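So this block is protein25.txt, compact mmCIF, C-alpha atoms and all ligand atoms:
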# COMPACT_ATOMS: atom_id res chain seq x y z
CA MET A 1 31.00 -14.85 13.43
CA THR A 2 28.42 -12.72 11.67
CA HIS A 3 29.55 -11.05 8.44
CA LYS A 4 28.10 -7.59 8.00
CA ILE A 5 27.10 -6.79 4.44
CA VAL A 6 25.92 -3.31 3.48
CA ILE A 7 23.61 -3.24 0.45
CA LEU A 8 23.29 -0.07 -1.62
CA PRO A 9 20.42 -0.75 -4.05
CA GLY A 10 20.65 2.67 -5.77
CA ASP A 11 18.48 3.63 -8.72
CA GLY A 12 16.66 2.20 -11.75
CA ILE A 13 17.16 -1.57 -11.92
CA GLY A 14 19.63 -1.35 -9.01
CA PRO A 15 17.02 -2.25 -6.34
CA GLU A 16 15.69 -5.14 -8.50
CA VAL A 17 19.05 -6.82 -9.05
CA ALA A 18 20.17 -6.07 -5.47
CA ALA A 19 17.08 -7.84 -4.12
CA ALA A 20 17.94 -10.85 -6.30
CA ALA A 21 21.54 -10.89 -5.08
CA ARG A 22 20.45 -10.61 -1.46
CA ALA A 23 17.98 -13.49 -1.84
CA VAL A 24 20.76 -15.66 -3.25
CA LEU A 25 23.16 -14.67 -0.46
CA GLU A 26 20.47 -15.63 2.09
CA ALA A 27 19.91 -18.97 0.34
CA VAL A 28 23.60 -19.81 0.21
CA GLY A 29 24.00 -18.61 3.80
CA SER A 30 21.35 -21.11 4.94
CA ALA A 31 22.73 -23.93 2.82
CA HIS A 32 26.34 -23.40 3.92
CA GLY A 33 25.79 -22.36 7.54
CA LEU A 34 27.03 -18.79 7.11
CA SER A 35 25.91 -16.02 9.41
CA LEU A 36 25.27 -12.94 7.26
CA SER A 37 23.65 -9.69 8.33
CA PHE A 38 22.29 -7.13 5.89
CA GLU A 39 21.76 -3.39 6.15
CA SER A 40 20.54 -1.19 3.28
CA HIS A 41 21.53 2.43 2.69
CA ASP A 42 20.95 5.13 0.09
CA ILE A 43 23.41 6.09 -2.63
CA GLY A 44 23.12 7.93 -5.94
CA GLY A 45 19.90 9.51 -7.12
CA CYS A 46 17.73 8.15 -4.32
CA ALA A 47 20.22 9.61 -1.82
CA ILE A 48 20.05 13.00 -3.55
CA ASP A 49 16.27 12.88 -3.19
CA ALA A 50 16.32 11.75 0.46
CA HIS A 51 19.43 13.53 1.80
CA GLY A 52 20.45 16.12 -0.82
CA ASP A 53 23.75 14.23 -1.22
CA PRO A 54 24.61 11.26 -3.52
CA PHE A 55 26.91 9.79 -0.82
CA PRO A 56 25.48 10.77 2.57
CA GLU A 57 27.56 10.58 5.72
CA SER A 58 25.29 7.83 7.11
CA THR A 59 26.02 5.66 4.04
CA ALA A 60 29.75 6.35 4.20
CA LYS A 61 29.84 5.36 7.87
CA ALA A 62 27.87 2.14 7.34
CA CYS A 63 30.09 1.13 4.39
CA ALA A 64 33.29 1.80 6.31
CA GLY A 65 32.07 -0.47 9.13
CA ALA A 66 30.95 -3.32 6.88
CA ASP A 67 32.83 -6.48 5.95
CA ALA A 68 31.74 -5.93 2.35
CA VAL A 69 29.56 -3.59 0.33
CA PHE A 70 27.19 -4.62 -2.46
CA LEU A 71 25.90 -2.04 -4.93
CA GLY A 72 23.08 -2.32 -7.50
CA ALA A 73 23.50 0.71 -9.79
CA VAL A 74 23.08 4.47 -9.70
CA GLY A 75 21.87 7.19 -12.04
CA GLY A 76 19.03 8.01 -14.36
CA PRO A 77 17.49 10.80 -16.43
CA LYS A 78 15.77 12.31 -13.38
CA TRP A 79 19.14 13.61 -12.17
CA ASP A 80 20.65 14.55 -15.55
CA GLY A 81 19.43 18.14 -15.62
CA GLY A 82 22.03 19.83 -13.38
CA GLY A 83 22.73 19.73 -9.66
CA PRO A 84 24.50 16.88 -7.87
CA ARG A 85 25.08 13.74 -9.96
CA PRO A 86 24.28 10.22 -8.70
CA GLU A 87 27.48 8.89 -10.30
CA ALA A 88 29.52 11.22 -8.04
CA GLY A 89 28.22 9.18 -5.10
CA LEU A 90 29.59 5.96 -6.58
CA LEU A 91 32.97 7.54 -7.34
CA ALA A 92 33.15 8.86 -3.76
CA LEU A 93 32.29 5.41 -2.41
CA ARG A 94 35.05 3.75 -4.45
CA LYS A 95 37.57 6.38 -3.34
CA THR A 96 36.53 6.19 0.34
CA LEU A 97 36.86 2.41 0.41
CA GLY A 98 40.16 2.55 -1.47
CA ALA A 99 38.61 0.11 -3.96
CA PHE A 100 41.32 0.50 -6.61
CA ALA A 101 41.28 -2.96 -8.22
CA ASN A 102 38.21 -3.64 -10.31
CA LEU A 103 38.08 -7.27 -11.47
CA ARG A 104 35.65 -7.88 -14.31
CA PRO A 105 35.64 -11.51 -15.44
CA ILE A 106 34.07 -12.14 -18.85
CA THR A 107 32.95 -15.75 -19.02
CA LEU A 108 31.17 -17.67 -21.70
CA PHE A 109 28.46 -19.78 -20.09
CA PRO A 110 27.99 -23.28 -21.54
CA GLY A 111 24.99 -23.25 -23.86
CA LEU A 112 24.95 -19.46 -24.26
CA GLU A 113 27.50 -19.20 -27.11
CA ARG A 114 24.59 -18.63 -29.49
CA LEU A 115 23.76 -15.34 -27.72
CA SER A 116 27.00 -13.72 -28.75
CA PRO A 117 26.77 -11.31 -31.68
CA LEU A 118 29.95 -13.04 -32.90
CA LYS A 119 29.99 -16.36 -34.71
CA GLU A 120 30.23 -19.33 -32.34
CA GLU A 121 33.61 -20.46 -33.67
CA ARG A 122 35.02 -16.97 -33.05
CA VAL A 123 33.70 -16.65 -29.51
CA ALA A 124 34.48 -20.24 -28.41
CA GLY A 125 37.05 -20.38 -25.62
CA THR A 126 36.52 -16.77 -24.50
CA ASP A 127 37.52 -16.45 -20.83
CA MET A 128 39.15 -13.19 -19.85
CA LEU A 129 39.66 -11.15 -16.72
CA ILE A 130 39.67 -7.39 -17.13
CA VAL A 131 41.71 -5.76 -14.35
CA ARG A 132 40.71 -2.10 -14.33
CA GLU A 133 42.31 0.60 -12.17
CA LEU A 134 39.35 2.18 -10.36
CA THR A 135 40.38 5.11 -8.16
CA GLY A 136 42.68 7.15 -10.42
CA GLY A 137 42.82 8.56 -13.91
CA ILE A 138 40.48 10.97 -15.62
CA TYR A 139 37.39 10.14 -13.52
CA PHE A 140 39.13 11.55 -10.45
CA GLY A 141 41.27 14.41 -11.82
CA ASP A 142 40.51 18.11 -11.32
CA LYS A 143 37.63 19.32 -13.45
CA VAL A 144 36.95 22.70 -14.96
CA GLU A 145 33.36 22.95 -16.00
CA GLY A 146 32.41 25.96 -18.08
CA ASP A 147 29.96 26.82 -20.83
CA GLU A 148 32.69 27.58 -23.35
CA THR A 149 35.56 25.34 -22.23
CA ALA A 150 35.84 22.37 -19.91
CA SER A 151 38.62 20.02 -18.93
CA ASP A 152 39.20 16.80 -17.01
CA LEU A 153 42.68 16.07 -15.75
CA CYS A 154 44.04 12.55 -16.18
CA SER A 155 46.90 11.70 -13.87
CA TYR A 156 48.54 8.52 -12.60
CA SER A 157 51.48 7.95 -10.29
CA ARG A 158 53.96 5.10 -10.78
CA GLN A 159 52.81 3.69 -7.43
CA GLU A 160 49.17 3.56 -8.60
CA VAL A 161 50.18 1.77 -11.80
CA GLU A 162 52.42 -0.74 -10.02
CA ARG A 163 49.70 -1.51 -7.47
CA ILE A 164 47.11 -2.45 -10.09
CA ALA A 165 49.67 -4.18 -12.32
CA ARG A 166 50.64 -6.42 -9.40
CA ILE A 167 46.99 -7.49 -9.09
CA ALA A 168 46.93 -8.36 -12.79
CA PHE A 169 50.21 -10.32 -12.73
CA ASP A 170 49.17 -12.23 -9.61
CA ALA A 171 45.83 -13.09 -11.24
CA ALA A 172 47.62 -14.20 -14.41
CA ARG A 173 49.70 -16.68 -12.39
CA GLY A 174 46.48 -18.47 -11.47
CA ARG A 175 45.31 -18.47 -15.09
CA LYS A 176 47.21 -18.70 -18.41
CA ARG A 177 50.09 -16.42 -17.33
CA ARG A 178 49.37 -13.84 -20.02
CA VAL A 179 48.77 -10.12 -19.42
CA THR A 180 47.74 -7.70 -22.15
CA SER A 181 48.26 -4.13 -20.98
CA VAL A 182 46.04 -1.63 -22.78
CA ASP A 183 47.01 2.04 -23.06
CA LYS A 184 47.30 4.92 -25.51
CA ALA A 185 51.06 5.36 -25.23
CA ASN A 186 51.33 6.84 -28.74
CA VAL A 187 49.49 9.94 -27.49
CA LEU A 188 49.13 10.13 -23.70
CA ALA A 189 51.86 10.86 -21.14
CA THR A 190 49.94 8.88 -18.51
CA SER A 191 49.99 5.89 -20.85
CA ARG A 192 53.76 6.11 -21.36
CA LEU A 193 54.24 6.13 -17.58
CA TRP A 194 51.78 3.23 -17.41
CA ARG A 195 53.68 1.18 -19.98
CA ASN A 196 57.11 1.85 -18.46
CA ALA A 197 55.92 0.95 -14.96
CA VAL A 198 54.20 -2.25 -16.14
CA VAL A 199 57.28 -3.41 -18.08
CA ALA A 200 59.63 -2.67 -15.17
CA LEU A 201 57.44 -4.55 -12.71
CA ARG A 202 57.10 -7.56 -15.00
CA ASP A 203 60.88 -7.70 -15.60
CA ALA A 204 61.67 -7.34 -11.89
CA GLU A 205 59.03 -9.55 -10.29
CA TYR A 206 57.02 -11.50 -12.84
CA PRO A 207 59.42 -12.82 -15.53
CA ASP A 208 57.25 -15.94 -15.77
CA VAL A 209 54.24 -13.94 -17.04
CA GLU A 210 53.96 -13.12 -20.73
CA LEU A 211 53.25 -9.41 -21.31
CA ASP A 212 52.16 -7.55 -24.39
CA HIS A 213 50.82 -4.05 -25.05
CA VAL A 214 47.91 -3.04 -27.24
CA LEU A 215 46.73 0.52 -27.92
CA VAL A 216 43.17 0.99 -26.76
CA ASP A 217 41.69 1.74 -30.18
CA ALA A 218 43.18 -1.45 -31.63
CA MET A 219 42.03 -3.33 -28.53
CA ALA A 220 38.42 -2.35 -29.22
CA MET A 221 38.86 -4.08 -32.57
CA LYS A 222 40.83 -7.12 -31.37
CA LEU A 223 38.25 -7.93 -28.71
CA ILE A 224 35.75 -8.50 -31.50
CA GLU A 225 38.23 -10.11 -33.87
CA ARG A 226 39.69 -12.71 -31.47
CA PRO A 227 38.22 -12.53 -27.95
CA ALA A 228 39.52 -15.97 -27.03
CA ALA A 229 43.13 -14.80 -27.44
CA PHE A 230 43.05 -12.78 -24.22
CA ASP A 231 43.70 -13.93 -20.68
CA VAL A 232 44.21 -10.99 -18.27
CA ILE A 233 43.62 -7.49 -19.64
CA LEU A 234 45.20 -4.75 -17.53
CA THR A 235 44.10 -1.20 -18.09
CA GLU A 236 43.34 2.20 -16.59
CA ASN A 237 40.03 3.49 -15.31
CA MET A 238 38.22 4.86 -18.36
CA PHE A 239 39.58 2.37 -20.92
CA GLY A 240 38.55 -0.48 -18.61
CA ASP A 241 35.08 0.96 -18.20
CA ILE A 242 34.55 1.10 -21.95
CA LEU A 243 36.24 -2.17 -22.94
CA SER A 244 34.40 -4.18 -20.28
CA ASP A 245 30.97 -3.11 -21.56
CA GLU A 246 32.13 -4.16 -25.04
CA ALA A 247 33.52 -7.48 -23.81
CA SER A 248 30.36 -8.29 -21.85
CA VAL A 249 28.28 -8.37 -25.01
CA ILE A 250 30.70 -10.80 -26.64
CA ALA A 251 29.68 -13.24 -23.89
CA GLY A 252 25.97 -12.60 -24.45
CA SER A 253 24.73 -9.66 -22.38
CA ILE A 254 25.94 -6.89 -20.11
CA GLY A 255 23.42 -8.26 -17.61
CA LEU A 256 25.62 -11.33 -17.04
CA ALA A 257 28.83 -9.54 -16.03
CA PRO A 258 29.88 -9.19 -12.36
CA SER A 259 32.67 -7.27 -10.71
CA ALA A 260 34.69 -7.05 -7.51
CA SER A 261 36.52 -3.87 -6.50
CA LEU A 262 39.26 -4.79 -4.05
CA SER A 263 40.90 -2.54 -1.48
CA GLU A 264 43.98 -2.82 0.72
CA SER A 265 42.06 -1.57 3.76
CA HIS A 266 38.49 -2.89 3.38
CA GLY A 267 36.60 -6.02 2.27
CA GLY A 268 35.69 -4.26 -0.94
CA LEU A 269 32.80 -3.29 -3.18
CA TYR A 270 30.84 -5.73 -5.33
CA GLU A 271 28.60 -4.63 -8.20
CA PRO A 272 27.41 -5.78 -11.60
CA ILE A 273 29.15 -3.85 -14.39
CA HIS A 274 25.93 -2.47 -15.86
CA GLY A 275 24.22 0.80 -15.00
CA SER A 276 20.71 1.59 -13.82
CA ALA A 277 19.11 0.75 -17.20
CA PRO A 278 16.25 3.28 -17.00
CA ASP A 279 14.78 1.83 -20.22
CA ILE A 280 13.81 -1.42 -18.45
CA ALA A 281 13.58 -0.31 -14.79
CA GLY A 282 10.54 -1.38 -12.80
CA GLN A 283 9.45 -4.03 -15.31
CA GLY A 284 11.06 -7.18 -13.88
CA LYS A 285 13.15 -7.46 -17.06
CA ALA A 286 16.60 -6.83 -15.56
CA ASN A 287 18.98 -9.76 -15.76
CA PRO A 288 20.10 -10.38 -12.15
CA VAL A 289 22.97 -12.74 -13.05
CA GLY A 290 25.69 -10.06 -13.03
CA ALA A 291 24.51 -8.99 -9.57
CA ILE A 292 24.22 -12.57 -8.31
CA LEU A 293 27.72 -13.42 -9.55
CA SER A 294 29.01 -10.24 -7.90
CA ALA A 295 27.57 -11.61 -4.66
CA ALA A 296 29.58 -14.79 -5.30
CA MET A 297 32.72 -12.66 -5.74
CA LEU A 298 31.89 -10.97 -2.43
CA LEU A 299 31.79 -14.33 -0.67
CA ARG A 300 35.10 -15.40 -2.20
CA HIS A 301 37.12 -12.18 -1.91
CA ALA A 302 35.70 -10.45 1.18
CA LEU A 303 34.61 -13.39 3.33
CA GLY A 304 36.90 -16.19 2.15
CA GLU A 305 33.86 -18.42 1.48
CA GLY A 306 35.02 -20.00 -1.76
CA GLU A 307 32.73 -23.04 -1.52
CA ALA A 308 29.62 -20.93 -1.09
CA ALA A 309 30.75 -18.74 -3.99
CA ALA A 310 31.24 -21.81 -6.18
CA ALA A 311 27.77 -23.07 -5.23
CA ILE A 312 26.25 -19.83 -6.54
CA GLU A 313 28.30 -19.96 -9.73
CA ARG A 314 27.31 -23.58 -10.34
CA ALA A 315 23.61 -22.84 -9.74
CA VAL A 316 23.69 -19.85 -12.11
CA SER A 317 25.46 -21.79 -14.81
CA GLU A 318 23.01 -24.70 -14.57
CA CYS A 319 19.97 -22.41 -14.66
CA LEU A 320 21.29 -20.59 -17.73
CA ALA A 321 22.10 -23.87 -19.44
CA ALA A 322 18.51 -24.99 -18.77
CA GLY A 323 17.15 -21.89 -20.50
CA ILE A 324 16.16 -20.05 -17.34
CA GLY A 325 16.94 -16.41 -17.97
CA THR A 326 15.59 -12.96 -18.67
CA GLY A 327 14.76 -11.61 -22.12
CA ASP A 328 18.26 -10.33 -22.88
CA VAL A 329 19.53 -13.93 -22.82
CA GLY A 330 16.57 -15.27 -24.79
CA GLY A 331 14.53 -16.41 -21.79
CA SER A 332 11.09 -15.50 -20.49
CA ALA A 333 11.71 -15.39 -16.75
CA SER A 334 11.47 -12.26 -14.63
CA THR A 335 14.32 -10.92 -12.50
CA GLN A 336 12.74 -12.44 -9.42
CA GLN A 337 12.03 -15.79 -11.09
CA VAL A 338 15.67 -16.15 -12.10
CA ALA A 339 16.70 -15.47 -8.50
CA GLU A 340 14.15 -17.99 -7.21
CA HIS A 341 15.48 -20.67 -9.56
CA VAL A 342 19.06 -19.99 -8.50
CA CYS A 343 18.04 -20.13 -4.80
CA ALA A 344 16.15 -23.40 -5.33
CA ARG A 345 19.15 -24.90 -7.07
CA ILE A 346 21.43 -23.88 -4.20
CA ALA A 347 19.04 -25.34 -1.62
CA GLU A 348 18.71 -28.60 -3.59
CA PRO A 349 21.72 -28.98 -5.90
CA ASP A 350 20.45 -32.29 -7.27
CA ALA A 351 16.91 -31.15 -8.10
CA SER A 352 15.89 -31.24 -11.74
CA ILE A 353 15.35 -27.81 -13.21
CA PRO A 354 11.96 -26.98 -14.76
CA LEU A 355 11.85 -25.07 -18.04
CA ALA A 356 12.02 -21.28 -17.96
CA GLY A 357 8.82 -19.47 -17.15
CA THR A 358 7.17 -22.47 -15.51
CA ALA A 359 8.04 -21.44 -11.96
N1 LIG B 401 27.79 1.24 -11.76
C1 LIG B 401 26.81 2.09 -12.01
O1 LIG B 401 26.01 2.41 -11.16
C2 LIG B 401 26.67 2.62 -13.38
C3 LIG B 401 25.74 3.59 -13.61
N2 LIG B 401 25.51 4.03 -14.88
C4 LIG B 401 24.41 5.00 -15.03
O2 LIG B 401 23.25 4.26 -15.44
C5 LIG B 401 22.42 5.09 -16.25
C6 LIG B 401 22.07 4.40 -17.54
O3 LIG B 401 23.26 4.25 -18.30
P1 LIG B 401 23.35 3.47 -19.68
O4 LIG B 401 24.38 4.14 -20.48
O5 LIG B 401 21.98 3.30 -20.25
O6 LIG B 401 23.97 2.04 -19.30
P2 LIG B 401 23.26 0.75 -18.70
O7 LIG B 401 24.32 -0.22 -18.41
O8 LIG B 401 22.37 1.13 -17.59
O9 LIG B 401 22.34 0.19 -19.89
C7 LIG B 401 22.86 -0.07 -21.20
C8 LIG B 401 21.92 -1.04 -21.93
O10 LIG B 401 22.06 -2.33 -21.33
C9 LIG B 401 20.82 -2.81 -20.84
N3 LIG B 401 21.05 -3.46 -19.54
C10 LIG B 401 21.83 -2.97 -18.55
N4 LIG B 401 21.79 -3.80 -17.50
C11 LIG B 401 20.97 -4.81 -17.83
C12 LIG B 401 20.51 -5.98 -17.14
N5 LIG B 401 20.89 -6.28 -15.90
N6 LIG B 401 19.64 -6.80 -17.78
C13 LIG B 401 19.26 -6.54 -19.03
N7 LIG B 401 19.66 -5.45 -19.74
C14 LIG B 401 20.50 -4.59 -19.14
C15 LIG B 401 19.93 -1.56 -20.68
O11 LIG B 401 18.58 -1.90 -20.77
C16 LIG B 401 20.45 -0.67 -21.81
O12 LIG B 401 19.80 -1.01 -23.01
C17 LIG B 401 23.21 6.40 -16.43
O13 LIG B 401 22.71 7.34 -15.51
C18 LIG B 401 24.63 6.02 -16.10
O14 LIG B 401 25.40 7.10 -15.63
C19 LIG B 401 26.17 3.50 -15.95
C20 LIG B 401 27.11 2.53 -15.76
C21 LIG B 401 27.49 2.07 -14.47
C1 LIG B 402 30.93 6.01 -12.23
C2 LIG B 402 30.32 4.94 -13.09
C3 LIG B 402 29.00 5.37 -13.63
C4 LIG B 402 31.30 4.50 -14.13
C5 LIG B 402 30.93 3.23 -14.84
O1 LIG B 402 30.27 3.23 -15.84
C6 LIG B 402 31.43 1.96 -14.33
O2 LIG B 402 32.17 1.91 -13.35
O3 LIG B 402 31.11 0.93 -14.93
MG MG B 403 30.60 1.40 -16.97
Could you render the structure from this file as structure tokens?
Amino acid sequence: MTHKIVILPGDGIGPEVAAAARAVLEAVGSAHGLSLSFESHDIGGCAIDAHGDPFPESTAKACAGADAVFLGAVGGPKWDGGGPRPEAGLLALRKTLGAFANLRPITLFPGLERLSPLKEERVAGTDMLIVRELTGGIYFGDKVEGDETASDLCSYSRQEVERIARIAFDAARGRKRRVTSVDKANVLATSRLWRNAVVALRDAEYPDVELDHVLVDAMAMKLIERPAAFDVILTENMFGDILSDEASVIAGSIGLAPSASLSESHGGLYEPIHGSAPDIAGQGKANPVGAILSAAMLLRHALGEGEAAAAIERAVSECLAAGIGTGDVGGSASTQQVAEHVCARIAEPDASIPLAGTA
């Protein structure tokens, strides 16, 4: 059976990291006998330019008919001056796919501890999974946009909270059985609903999982203070967006962090957590590892190809340990060179790895 993958390269470094991820998917497809088909479509700024719409009908249709969707990144200063926003295309895509469960693993790669801005002894043992609600909250509420006043509505239903909390508790059962729920229940009504719903669900269905609550401002501090203390972090849309960028740097670079956005009705959306990085776009400097590891999550979650996913993860880890990486992780390889090394390692898992930059 052929698995249909729609690729949405997007803007800025999006096309560079998407090309890297696709090359790795092709390599692992050949090595593991998978039949994968690829189709690319416009989203974000490039779709505004080509179709006058950040999420054109043709893209929506292709995504709905795909087994999984891979996205690079959207946005950039070209579209910041008014008119339709590229980011609106990504929000519409997430909503259309029902991709409510954003999994953002933050992993410390062996040999890369030195890249963390934190001292090695503080960062050692860091291995957390951020479970971020992705289709509700303030990003999706009614907006009033005026010159003198503006507002964004934040709303959550109990059902939305329970649905994402269940994902976090289930994930915790396969890990260290600890969930830290992050909210702002001292101020926000949505957070009090969030906390009540999470506690009730844990008591009723997950008594074996340890649960604690941390206010989001304190969480921003605790992530730096003791990152290794956390297992599964459960939080709403905007808090998860912010905390995951922070957590990614603890593990070395935002360019390393992947994500999967799971749906109840579709194979899901897979994207690195970073944006379009206009400051480095077009220079071959973008770290493709977050995108490549998102492709691994696609294989595992959408296609059930856990072995192929593990082969990618192993190849990435070995390349990084051998010093093969882009500038943000202290290497001298280009985006494409990193992808080539990962592909070579997948094709020949026992091959010795040359030093970075010698490819
Ligand atoms: N999922 C998406 O498509 C997202 C899109 N954006 C959009 O991206 C644009 C730029 O946003 P920023 O706030 O600058 O966030 P960003 O994540 O694009 O960049 C933040 C910093 O991280 C660096 N960086 C990001 N990805 C990297 C990679 N793979 N390798 C090496 N360095 C990397 C950038 O060079 C920059 O210094 C905006 O238009 C924003 O709305 C932002 C976040 C997510
Ligand atoms: C709509 C996106 C630009 C939000 C974001 O930054 C993210 O999902 O990481
Ligand atoms: Mg973000």
For ligand MG 403 (chain B), return the neighbouring residues as a list of chain:residue names (distance at most 7 Å; all atoms listed in the file). A:Asp241, A:Ile242, A:Asp245, A:Ile273, A:His274, A:Gly275
Separation of CA of Leu91 (chain A) from CA of Ala23 (chain A), in Å and rounded to one decimal: 26.4 Å
Separation of CA of Pro15 (chain A) from CA of His341 (chain A), in Å and rounded to one decimal: 18.8 Å
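Take CA of Ile233 (chain A) and CA of Arg132 (chain A): the distance between them is 8.1 Å.
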Around ligand LIG 401 (chain B), which protein and nucleic acid residues have at least one atom no more than 9 Å from it, if we count all atoms listed in the file? List them as a ChimeraX atom specification. /A:10-14,17,44,71-80,85-87,90,241,245,253-257,271-281,285-291,326-329,335
Give me the residues within 8 Å of Asn237 (chain A) as a PDB file with C-alpha atoms, in the coordinates of the input, counting only C-alpha atoms and dropping any in the same chain fewer than 2 places off.
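Contents of around.pdb, freshly written:
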ATOM      1  CA  ARG A 132      40.710  -2.100 -14.330  1.00  0.00           C
ATOM      2  CA  GLU A 133      42.310   0.600 -12.170  1.00  0.00           C
ATOM      3  CA  LEU A 134      39.350   2.180 -10.360  1.00  0.00           C
ATOM      4  CA  THR A 135      40.380   5.110  -8.160  1.00  0.00           C
ATOM      5  CA  GLY A 136      42.680   7.150 -10.420  1.00  0.00           C
ATOM      6  CA  GLY A 137      42.820   8.560 -13.910  1.00  0.00           C
ATOM      7  CA  ILE A 138      40.480  10.970 -15.620  1.00  0.00           C
ATOM      8  CA  TYR A 139      37.390  10.140 -13.520  1.00  0.00           C
ATOM      9  CA  THR A 235      44.100  -1.200 -18.090  1.00  0.00           C
ATOM     10  CA  PHE A 239      39.580   2.370 -20.920  1.00  0.00           C
ATOM     11  CA  GLY A 240      38.550  -0.480 -18.610  1.00  0.00           C
ATOM     12  CA  ASP A 241      35.080   0.960 -18.200  1.00  0.00           C
TER      13      ASP A 241
END
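With distances taken over only C-alpha atoms and all ligand atoms, A:Asn102 is the one residue among A:Asn102, A:Ser40, A:Ser334, A:Ser265 lying closest to ligand LIG 402 (chain B).
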Centre and edge lengths, as AutoDock Vina command-line options, for the axis-aligned box enclosing every listed atom of ligand LIG 402 (chain B) with 5 Å of padding on each of the six sides, in Å to one decimal?
--center_x 30.6 --center_y 3.5 --center_z -14.0 --size_x 13.2 --size_y 15.1 --size_z 13.6
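Non-sequential neighbours of His301 (chain A) (distance at most 12 Å, separation of 2 or more positions within a chain, all atoms listed in the file) are Asp67, Ala68, Val69, Ala101, Leu103, Ser259, Ala260, Ser261, Leu262, Ser263, Glu264, His266, Gly267, Gly268, Leu269, Tyr270, Ser294, Ala295, Ala296, Met297, Leu298, Leu299, Leu303, Gly304, Glu305, Gly306, Glu307, Ala308 and Ala309 of chain A.
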Between A:Glu162, A:Leu115, A:Ile312, A:Ala92, which one has atoms that come closest to Ala347 (chain A), using all atoms listed in the file? A:Ile312
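Each of A:Lys95, A:Arg114, A:Lys176, A:Arg104 was checked against Pro258 (chain A) using only C-alpha atoms; the smallest atom-to-atom distance is that of A:Arg104.
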For Cys343 (chain A), the closest of A:Cys154, A:Cys319, A:Leu211, A:Ile7 counting all atoms listed in the file is A:Cys319
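When only C-alpha atoms and all ligand atoms are used to compute distances to ligand LIG 402 (chain B), the closest of the residues A:Gln336, A:Ser244, A:Ser317, A:Gln283 turns out to be A:Ser244.
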